[in-house]
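Have a look at structure-v2.tsv below; it lists TSV, C-alpha atoms.
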chain	number	residue	atom	x	y	z
A	275	ASP	CA	27.74	16.09	-79.37
A	276	GLY	CA	29.85	14.57	-76.63
A	277	GLY	CA	28.39	14.06	-73.21
A	278	ILE	CA	26.91	11.75	-70.64
A	279	THR	CA	23.52	10.14	-70.99
A	280	GLN	CA	21.58	8.74	-68.09
A	281	SER	CA	18.41	6.77	-68.58
A	282	PRO	CA	15.67	6.66	-67.69
A	283	LYS	CA	14.99	10.12	-66.27
A	284	TYR	CA	12.29	8.80	-63.94
A	285	LEU	CA	12.08	5.26	-62.62
A	286	PHE	CA	9.58	3.57	-60.37
A	287	ARG	CA	10.35	0.33	-58.62
A	288	LYS	CA	8.40	-1.98	-56.39
A	289	GLU	CA	9.90	-2.90	-53.08
A	290	GLY	CA	12.05	-6.00	-53.28
A	291	GLN	CA	12.98	-5.56	-56.93
A	292	ASN	CA	16.41	-4.87	-58.34
A	293	VAL	CA	16.70	-2.05	-60.86
A	294	THR	CA	19.55	-0.93	-63.12
A	295	LEU	CA	20.31	2.67	-63.98
A	296	SER	CA	22.14	3.33	-67.22
A	297	CYS	CA	25.07	5.71	-67.69
A	298	GLU	CA	26.84	6.08	-71.03
A	299	GLN	CA	29.53	8.58	-72.03
A	300	ASN	CA	31.19	9.32	-75.38
A	301	LEU	CA	33.85	11.63	-73.99
A	302	ASN	CA	36.53	8.91	-73.89
A	303	HIS	CA	36.93	9.50	-70.15
A	304	ASP	CA	38.63	6.91	-68.00
A	305	ALA	CA	36.99	7.79	-64.68
A	306	MET	CA	33.28	7.40	-63.98
A	307	TYR	CA	31.32	8.02	-60.79
A	308	TRP	CA	27.89	7.38	-59.29
A	309	TYR	CA	26.43	9.73	-56.71
A	310	ARG	CA	23.24	9.73	-54.71
A	311	GLN	CA	21.46	12.94	-53.73
A	312	ASP	CA	18.67	13.11	-51.17
A	313	PRO	CA	16.46	16.18	-50.69
A	314	GLY	CA	18.37	18.92	-48.96
A	315	GLN	CA	21.57	16.91	-48.93
A	316	GLY	CA	24.77	16.90	-50.89
A	317	LEU	CA	26.16	14.34	-53.30
A	318	ARG	CA	27.32	11.13	-51.71
A	319	LEU	CA	29.66	8.83	-53.60
A	320	ILE	CA	28.37	5.30	-54.21
A	321	TYR	CA	30.97	3.75	-56.53
A	322	TYR	CA	33.68	4.97	-58.84
A	323	SER	CA	35.81	3.44	-61.55
A	324	GLN	CA	39.15	4.56	-62.92
A	325	ILE	CA	39.59	1.95	-65.66
A	326	VAL	CA	37.67	-0.80	-67.39
A	327	ASN	CA	37.05	-3.91	-65.27
A	328	ASP	CA	37.97	-2.13	-62.06
A	329	PHE	CA	35.92	-0.10	-59.56
A	330	GLN	CA	36.02	0.98	-55.92
A	331	LYS	CA	33.39	1.45	-53.26
A	332	GLY	CA	32.53	4.98	-52.29
A	333	ASP	CA	31.06	6.14	-49.00
A	334	ILE	CA	27.63	4.49	-49.31
A	335	ALA	CA	28.12	1.36	-51.47
A	336	GLU	CA	25.94	-1.00	-49.41
A	337	GLY	CA	22.93	-2.20	-51.39
A	338	TYR	CA	24.40	-1.17	-54.74
A	339	SER	CA	26.48	-2.90	-57.40
A	340	VAL	CA	28.24	-1.73	-60.56
A	341	SER	CA	30.13	-3.09	-63.54
A	342	ARG	CA	32.63	-1.53	-65.95
A	343	GLU	CA	32.90	-3.86	-68.90
A	344	LYS	CA	33.28	-1.04	-71.40
A	345	LYS	CA	34.99	2.31	-71.08
A	346	GLU	CA	31.88	4.21	-72.10
A	347	SER	CA	29.40	2.44	-69.82
A	348	PHE	CA	29.03	2.30	-66.02
A	349	PRO	CA	25.62	0.90	-65.03
A	350	LEU	CA	24.43	1.00	-61.42
A	351	THR	CA	22.17	-1.69	-59.97
A	352	VAL	CA	20.09	-0.79	-56.95
A	353	THR	CA	19.45	-4.08	-55.21
A	354	SER	CA	16.67	-5.09	-52.85
A	355	ALA	CA	19.23	-4.87	-50.06
A	356	GLN	CA	19.24	-1.08	-50.33
A	357	LYS	CA	16.87	-0.09	-47.54
A	358	ASN	CA	16.00	3.40	-48.71
A	359	PRO	CA	16.58	3.61	-52.47
A	360	THR	CA	14.28	6.54	-53.27
A	361	ALA	CA	16.66	9.32	-54.36
A	362	PHE	CA	18.14	11.27	-57.26
A	363	TYR	CA	21.10	9.49	-58.87
A	364	LEU	CA	23.80	11.29	-60.79
A	365	CYS	CA	26.50	9.80	-62.98
A	366	ALA	CA	29.71	11.64	-63.84
A	367	SER	CA	32.86	11.11	-65.84
A	368	MET	CA	36.25	12.78	-65.81
A	369	ASP	CA	39.44	12.72	-67.88
A	370	ARG	CA	41.96	11.57	-65.29
A	371	GLY	CA	44.97	12.29	-67.41
A	372	ARG	CA	44.32	16.02	-67.41
A	373	ASN	CA	42.11	16.08	-64.31
A	374	THR	CA	39.63	18.44	-65.93
A	375	GLU	CA	36.20	18.98	-64.46
A	376	ALA	CA	33.74	16.14	-64.03
A	377	PHE	CA	30.89	16.07	-66.53
A	378	PHE	CA	27.48	15.06	-65.22
A	379	GLY	CA	24.45	13.41	-66.70
A	380	GLN	CA	20.97	14.79	-66.17
A	381	GLY	CA	20.23	12.30	-63.42
A	382	THR	CA	17.69	9.55	-62.73
A	383	ARG	CA	15.01	10.05	-60.12
A	384	LEU	CA	14.22	6.67	-58.58
A	385	THR	CA	11.04	6.17	-56.56
A	386	VAL	CA	10.17	3.00	-54.72
A	387	VAL	CA	6.43	2.37	-54.64
B	1090	ALA	CA	40.75	11.18	-46.04
B	1091	GLN	CA	39.49	14.14	-47.99
B	1092	LYS	CA	36.55	16.23	-46.85
B	1093	VAL	CA	34.68	19.31	-48.03
B	1094	THR	CA	32.61	21.44	-45.68
B	1095	GLN	CA	30.01	23.98	-46.75
B	1096	ALA	CA	28.72	25.29	-43.46
B	1097	GLN	CA	26.03	27.52	-44.98
B	1098	THR	CA	23.02	25.34	-45.67
B	1099	GLU	CA	20.79	28.11	-47.04
B	1100	ILE	CA	21.33	31.75	-47.88
B	1101	SER	CA	18.79	34.34	-49.01
B	1102	VAL	CA	19.70	37.78	-50.30
B	1103	VAL	CA	17.84	40.52	-52.07
B	1104	GLU	CA	18.59	40.95	-55.75
B	1105	LYS	CA	21.66	43.08	-56.54
B	1106	GLU	CA	23.30	42.31	-53.21
B	1107	ASP	CA	26.68	40.58	-53.14
B	1108	VAL	CA	26.88	37.12	-51.57
B	1109	THR	CA	29.77	34.84	-50.61
B	1110	LEU	CA	29.52	31.07	-50.36
B	1111	ASP	CA	32.08	29.43	-48.11
B	1112	CYS	CA	34.00	26.22	-48.75
B	1113	VAL	CA	36.58	24.64	-46.44
B	1114	TYR	CA	38.42	21.48	-47.40
B	1115	GLU	CA	40.68	18.86	-45.84
B	1116	THR	CA	43.26	16.77	-47.66
B	1117	ARG	CA	46.61	15.21	-46.92
B	1118	ASP	CA	47.83	15.64	-50.48
B	1119	THR	CA	49.90	18.58	-51.59
B	1120	THR	CA	48.50	18.33	-55.11
B	1121	TYR	CA	44.75	18.52	-55.50
B	1122	TYR	CA	41.98	20.23	-57.43
B	1123	LEU	CA	39.01	22.25	-56.24
B	1124	PHE	CA	35.78	22.83	-58.11
B	1125	TRP	CA	32.53	24.75	-57.87
B	1126	TYR	CA	29.33	23.49	-59.47
B	1127	LYS	CA	25.85	25.01	-59.77
B	1128	GLN	CA	22.72	22.87	-59.60
B	1129	PRO	CA	19.61	24.67	-60.91
B	1130	PRO	CA	16.12	23.29	-60.20
B	1131	SER	CA	16.34	21.03	-63.27
B	1132	GLY	CA	18.91	18.92	-61.44
B	1133	GLU	CA	21.93	18.75	-63.69
B	1134	LEU	CA	25.25	20.03	-62.37
B	1135	VAL	CA	26.84	22.93	-64.20
B	1136	PHE	CA	30.61	23.33	-63.93
B	1137	LEU	CA	31.76	26.79	-62.84
B	1138	ILE	CA	35.47	26.64	-62.07
B	1139	ARG	CA	38.46	24.35	-61.43
B	1140	ARG	CA	41.53	25.40	-59.47
B	1141	ASN	CA	44.69	23.37	-58.78
B	1142	SER	CA	46.51	23.56	-55.47
B	1143	PHE	CA	49.52	25.36	-56.93
B	1144	ASP	CA	47.55	28.26	-58.31
B	1145	GLU	CA	46.41	30.60	-55.55
B	1146	GLN	CA	45.53	33.48	-57.81
B	1147	ASN	CA	42.03	34.70	-57.35
B	1148	GLU	CA	39.84	34.49	-60.41
B	1149	ILE	CA	37.07	36.67	-61.71
B	1150	SER	CA	34.58	35.74	-64.38
B	1151	GLY	CA	31.95	38.37	-64.92
B	1152	ARG	CA	29.94	38.66	-61.70
B	1153	TYR	CA	31.61	35.56	-60.25
B	1154	SER	CA	34.88	35.54	-58.32
B	1155	TRP	CA	36.76	32.93	-56.34
B	1156	ASN	CA	39.15	33.37	-53.43
B	1157	PHE	CA	41.53	30.43	-52.87
B	1158	GLN	CA	43.59	30.51	-49.66
B	1159	LYS	CA	45.73	27.48	-48.88
B	1160	SER	CA	46.66	28.88	-45.47
B	1161	THR	CA	43.06	28.50	-44.32
B	1162	SER	CA	42.11	25.62	-46.68
B	1163	SER	CA	39.31	27.68	-48.13
B	1164	PHE	CA	37.95	28.22	-51.61
B	1165	ASN	CA	35.16	30.78	-51.34
B	1166	PHE	CA	32.84	31.89	-54.12
B	1167	THR	CA	31.39	35.41	-54.42
B	1168	ILE	CA	28.56	36.53	-56.65
B	1169	THR	CA	28.46	40.28	-57.19
B	1170	ALA	CA	25.21	42.09	-57.95
B	1171	SER	CA	23.18	38.91	-57.60
B	1172	GLN	CA	20.32	38.12	-59.96
B	1173	VAL	CA	17.28	35.89	-59.64
B	1174	VAL	CA	18.83	33.47	-62.15
B	1175	ASP	CA	21.61	32.83	-59.65
B	1176	SER	CA	19.14	30.99	-57.42
B	1177	ALA	CA	20.38	27.40	-57.23
B	1178	VAL	CA	22.26	24.96	-55.05
B	1179	TYR	CA	26.04	25.44	-55.23
B	1180	PHE	CA	28.50	22.66	-54.53
B	1181	CYS	CA	32.19	22.79	-53.77
B	1182	ALA	CA	34.24	19.68	-54.59
B	1183	LEU	CA	37.74	18.29	-54.09
B	1184	SER	CA	39.74	15.83	-56.17
B	1185	GLU	CA	43.14	14.56	-55.14
B	1186	ALA	CA	45.77	14.27	-57.84
B	1187	ILE	CA	46.61	11.03	-59.60
B	1188	VAL	CA	49.24	9.73	-57.23
B	1189	ASN	CA	47.96	6.26	-56.50
B	1190	PHE	CA	46.29	4.64	-59.44
B	1191	GLY	CA	42.85	3.40	-58.61
B	1192	ASN	CA	42.30	5.43	-55.44
B	1193	GLU	CA	41.26	8.80	-56.76
B	1194	LYS	CA	37.96	10.16	-55.42
B	1195	LEU	CA	35.89	13.23	-56.23
B	1196	THR	CA	34.32	14.46	-52.99
B	1197	PHE	CA	31.52	17.03	-52.75
B	1198	GLY	CA	30.35	19.25	-49.95
B	1199	THR	CA	26.71	19.21	-48.84
B	1200	GLY	CA	25.89	22.27	-50.90
B	1201	THR	CA	24.51	25.75	-50.20
B	1202	ARG	CA	21.02	26.63	-51.39
B	1203	LEU	CA	21.07	30.22	-52.58
B	1204	THR	CA	17.83	32.13	-53.03
B	1205	ILE	CA	17.82	35.54	-54.65
B	1206	ILE	CA	14.75	37.54	-53.69
B	1207	PRO	CA	13.47	39.88	-56.41

What do you get writing this file as structure tokens?
Amino acid sequence: DGGITQSPKYLFRKEGQNVTLSCEQNLNHDAMYWYRQDPGQGLRLIYYSQIVNDFQKGDIAEGYSVSREKKESFPLTVTSAQKNPTAFYLCASMDRGRNTEAFFGQGTRLTVV
Amino acid sequence: AQKVTQAQTEISVVEKEDVTLDCVYETRDTTYYLFWYKQPPSGELVFLIRRNSFDEQNEISGRYSWNFQKSTSSFNFTITASQVVDSAVYFCALSEAIVNFGNEKLTFGTGTRLTIIP
């Protein structure tokens, strides 16, 4: 079945450590997105990528980094510079050519302990 | 810059009542796409509808209907005869068309938490 897979579902990190969230899609979509969701808030865009080896900052990119070395993969690294990393992270992909809906993964809940 | 506003933070209605969720958007593009998503307690986002800026026809899908009005930049969502299973957070989103390669963004509103009281 085609879709987007995020792993892990739950992640715990000690303060000061970097952590990488995985996002893989087999939908052959060009565009991929990372969003952050805090309790009671909407989805805020962290980074997005339209093609391999290229990506743009979203609205809250500080403290995060991404790479897009393969079309199907768009990992997000939460660095120690991110002051409040505890949140729910969602990855999405979309077929830009037809601008259909964005497909979402099941999310990763990151908790800093 | 594009923006989506969902002014209703939380709504509660009794089961079987009708409810409308508001969505107002801002964009400088003439070609764009609007979406509604549902987020149940499990967290994943479920796609409900996509509408392009050239199609102002209202749409009905079962108990769901959408009213798109370009004149007021609104894309409202109505649930008729609400059910407890409709309880979720609903998001409206905006995507500008592919006019400038590499600059396309998908922007979400802050969401409306809908609670259906049995």

When you get a sec, could you note down which chain A residues fall within 8 Å of chain B, using all atoms listed in the file, as a list in words? Gln315, Gly316, Leu317, Arg318, Leu319, Tyr322, Ser323, Gln324, Ile325, Phe329, Gln330, Arg370, Asn373, Thr374, Glu375, Ala376, Phe377, Phe378, Gly379, Gln380 and Gly381 of chain A

Option closest in space to Pro1207 (chain B), from B:Glu1104, B:Ile1168, B:Ser1162, B:Lys1092 [counting all atoms listed in the file]: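 Ranking B:Glu1104, B:Ile1168, B:Ser1162, B:Lys1092 by distance to Pro1207 (chain B), first place goes to B:Glu1104.
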
CA of Lys1127 (chain B) to CA of Gln311 (chain A), distance in Å rounded to a single decimal: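 A separation of 14.2 Å between them.
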
d(CA of Asp328 (chain A), CA of Pro282 (chain A)) in Å: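 Interatomic distance here is 24.6 Å.
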
Could you name the residues that touch region 283-292 of chain A at 6 Å or less, counting all atoms listed in the file, but leaving out those on the same chain fewer than 6 positions away, as an NGL selection string? :A and (352-354 or 382-387)

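As for CA of Asn302 (chain A) and CA of Gly277 (chain A), they are spaced 9.7 Å apart.
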
Exercise on region 340-357 of chain A, axis-aligned box with 8 Å per side, report centre and edge lengths in Å to one decimal, as JSON:
{"center_x": 25.8, "center_y": -0.4, "center_z": -59.8, "size_x": 34.3, "size_y": 25.3, "size_z": 40.6}

From the list A:Ala355, A:Ala366, A:Val326, A:Ile320, which residue is nearest Val293 (chain A) when using all atoms listed in the file? A:Ala355

Could you give me, as a list in words, the residues within 8 Å of Tyr1153 (chain B), counting only C-alpha atoms and dropping anything in the same chain fewer than 2 positions from it? Ile1149, Ser1150, Gly1151, Trp1155, Phe1166, Thr1167, Ile1168 and Thr1169 of chain B

Give me, as a PyMOL selection string, all polymer residues having an atom no more than 9 Å from Asn327 (chain A), counting only C-alpha atoms and skipping those fewer than 6 positions away in the same chain. chain A and resi 341-345

Go ahead and dump the residues you just picked, C-alpha atoms, as a compact mmCIF listing (two decimals), in the frame of the given file.
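The resulting out.txt:
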# COMPACT_ATOMS: atom_id res chain seq x y z
CA SER A 341 30.13 -3.09 -63.54
CA ARG A 342 32.63 -1.53 -65.95
CA GLU A 343 32.90 -3.86 -68.90
CA LYS A 344 33.28 -1.04 -71.40
CA LYS A 345 34.99 2.31 -71.08

Closest of A:Cys365, A:Ile334, A:Ala305, A:Ile278 to Pro349 (chain A) - atom-to-atom distances counting all atoms listed in the file: A:Cys365

Using only C-alpha atoms: which of B:Val1108, B:Ala1170, B:Val1102, B:Ala1177 has the shortest distance to Ile1205 (chain B):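 Checking each of B:Val1108, B:Ala1170, B:Val1102, B:Ala1177 against Ile1205 (chain B), counting only C-alpha atoms, the winner is B:Val1102.
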
Sel. within 6 Å of pt (22.0, 5.9, -57.6), counting only C-alpha atoms, output as a tab-separated table (two decimals) with C-alpha atoms, keeping the file's coordinate frame:
chain	number	residue	atom	x	y	z
A	309	TYR	CA	26.43	9.73	-56.71
A	310	ARG	CA	23.24	9.73	-54.71
A	363	TYR	CA	21.10	9.49	-58.87

Between B:Thr1094, B:Thr1120, B:Gln1128, B:Ser1142, which has the minimum distance to Ser1176 (chain B) (counting all atoms listed in the file)?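 The answer is B:Gln1128, which sits nearest to Ser1176 (chain B).
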